[in-house]
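For reference, the structure discussed in these notes is given below.
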Amino acid sequence: MLKGINPIISPELLKILAEMGHGDEIVFGDSNFPAASHAQRLVRADGHRITAFLDAILPLFPLDYAVDYTAVLMAFRGDREPAVWNRYKEKLGAWPDGDKPFLTLPKPEFYERAAAAYCVVATGESEGFANLILRKGIIRN
């Protein structure tokens, strides 16, 4: 048992976050994302929203300063960007290197990038186009 670790982070996910190195990417897939077929490593986190994972992991997970984007999102169809994206901007923007724009990729390119990621976390997120990829940075003093 550890103190100070948000209980939404399973032991398996904590191990993966620690194993990841600079430049490794983690995918938080919404409930419609084909996680099992795209994952090199799969963590099931059904019932939890992606914003809850941001609250839990960002105190532990340095974002990559060496890229021009904060996160990677799947391009959406329609006139308005998904409402969850504003919540992502708010949560990520509170952390070092989290205030950069998002990189949006068409669905096939997003899926290709997700398949190359270190890990895919299958969440219970129900909002559409909520899939999110984060790139791990380095700990800077």
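Following the order of the structure tokens, chains are lettered A, B, ..., residues in each are numbered from 1, and ligands are numbered from 1.
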Item to check | stretch 97-108 of chain A surroundings by only C-alpha atoms, 12 Å radius, close-in-sequence under 6 positions cut, as number ranges by chain | outcome: A: 33-34, 38, 54, 58, 61-77, 81, 85-86, 88-91, 114-115, 129-140
Dump as a compact mmCIF listing (two decimals), in the first residue's frame, selection limited to C-alpha atoms:
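What ended up in selection-v3.txt:
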# COMPACT_ATOMS: atom_id res chain seq x y z
CA PHE A 33 -12.19 2.81 -28.72
CA PRO A 34 -10.96 -0.60 -29.96
CA HIS A 38 -4.68 -1.68 -30.73
CA LEU A 54 -5.88 13.27 -15.77
CA LEU A 58 -0.71 14.42 -13.89
CA PHE A 61 3.47 12.12 -15.06
CA PRO A 62 5.70 14.79 -16.63
CA LEU A 63 4.42 16.04 -19.98
CA ASP A 64 6.92 16.27 -22.83
CA TYR A 65 8.42 19.74 -23.21
CA ALA A 66 10.22 18.76 -26.43
CA VAL A 67 7.13 18.67 -28.68
CA ASP A 68 4.84 21.43 -29.94
CA TYR A 69 1.64 19.87 -28.62
CA THR A 70 0.26 18.88 -25.24
CA ALA A 71 -1.77 15.88 -26.32
CA VAL A 72 -3.01 14.03 -29.39
CA LEU A 73 -6.72 13.83 -30.13
CA MET A 74 -8.78 12.09 -32.79
CA ALA A 75 -10.27 14.54 -35.28
CA PHE A 76 -14.04 14.87 -34.90
CA ARG A 77 -16.90 15.22 -37.31
CA GLU A 81 -15.31 20.42 -31.02
CA TRP A 85 -11.67 18.81 -25.04
CA ASN A 86 -12.18 22.02 -23.03
CA TYR A 88 -8.74 18.42 -21.10
CA LYS A 89 -7.30 21.88 -21.86
CA GLU A 90 -8.17 23.07 -18.37
CA LYS A 91 -6.69 20.06 -16.60
CA ALA A 114 -2.30 4.37 -30.70
CA ALA A 115 -1.10 0.95 -31.91
CA PHE A 129 -14.15 11.71 -29.67
CA ALA A 130 -12.69 11.70 -26.15
CA ASN A 131 -9.67 9.51 -26.98
CA LEU A 132 -6.46 11.08 -25.74
CA ILE A 133 -2.75 10.34 -26.17
CA LEU A 134 -0.16 11.77 -23.78
CA ARG A 135 3.58 11.75 -24.35
CA LYS A 136 5.83 11.35 -21.33
CA GLY A 137 8.52 13.93 -20.75
CA ILE A 138 11.39 14.14 -18.33
CA ILE A 139 11.49 15.26 -14.74
CA ARG A 140 13.05 18.72 -14.71
Checklist entry - Could you write out, as an MDAnalysis selection string, all the residues of stretch 31-141 of chain A that DSSP marks as strand (DSSP E)? => result chainID A and resid 42:45 71:74 103:105 119:123 132:135
Checklist entry - What is the distance, in Å and to one decimal place, between atom CA of A:Cys119 and atom CA of A:Val84? => result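 Value for the atom CA of A:Cys119-atom CA of A:Val84 distance: 21.6 Å.
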Checklist entry - Which of stretch 4-139 of chain A counts as helix (DSSP H, G or I) under DSSP, as a ChimeraX atom specification please? => result /A:11-19,35-38,50-57,83-93,107-116
Checklist entry - So, counting only C-alpha atoms, which residue among A:Leu42, A:Ala35, A:Ala94, A:Ala52 is closest to A:Ile9? => result A:Ala52
Next on the checklist: Please compute the atom CA of A:Val120-atom CA of A:Pro82 distance, one decimal, in Å.
Outcome noted: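 Those two atoms sit 20.9 Å apart.
Atom CA of A:Ala45 lies 23.7 Å from atom CA of A:His22.
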Next on the checklist: For a quick check of understanding, using only C-alpha atoms, which of A:Ala39, A:Met1, A:Leu92, A:Ile57 has the smallest distance to A:Val27?
Outcome noted: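 Under the stated criterion, the closest residue is A:Ala39.
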Item to check | Nearest to A:Pro59, chosen from A:Pro11, A:Gly78, A:Gly124, A:Gly4, with only C-alpha atoms counted in the distances | outcome: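 Going through A:Pro11, A:Gly78, A:Gly124, A:Gly4 one by one, the smallest distance to A:Pro59 is for A:Gly4.
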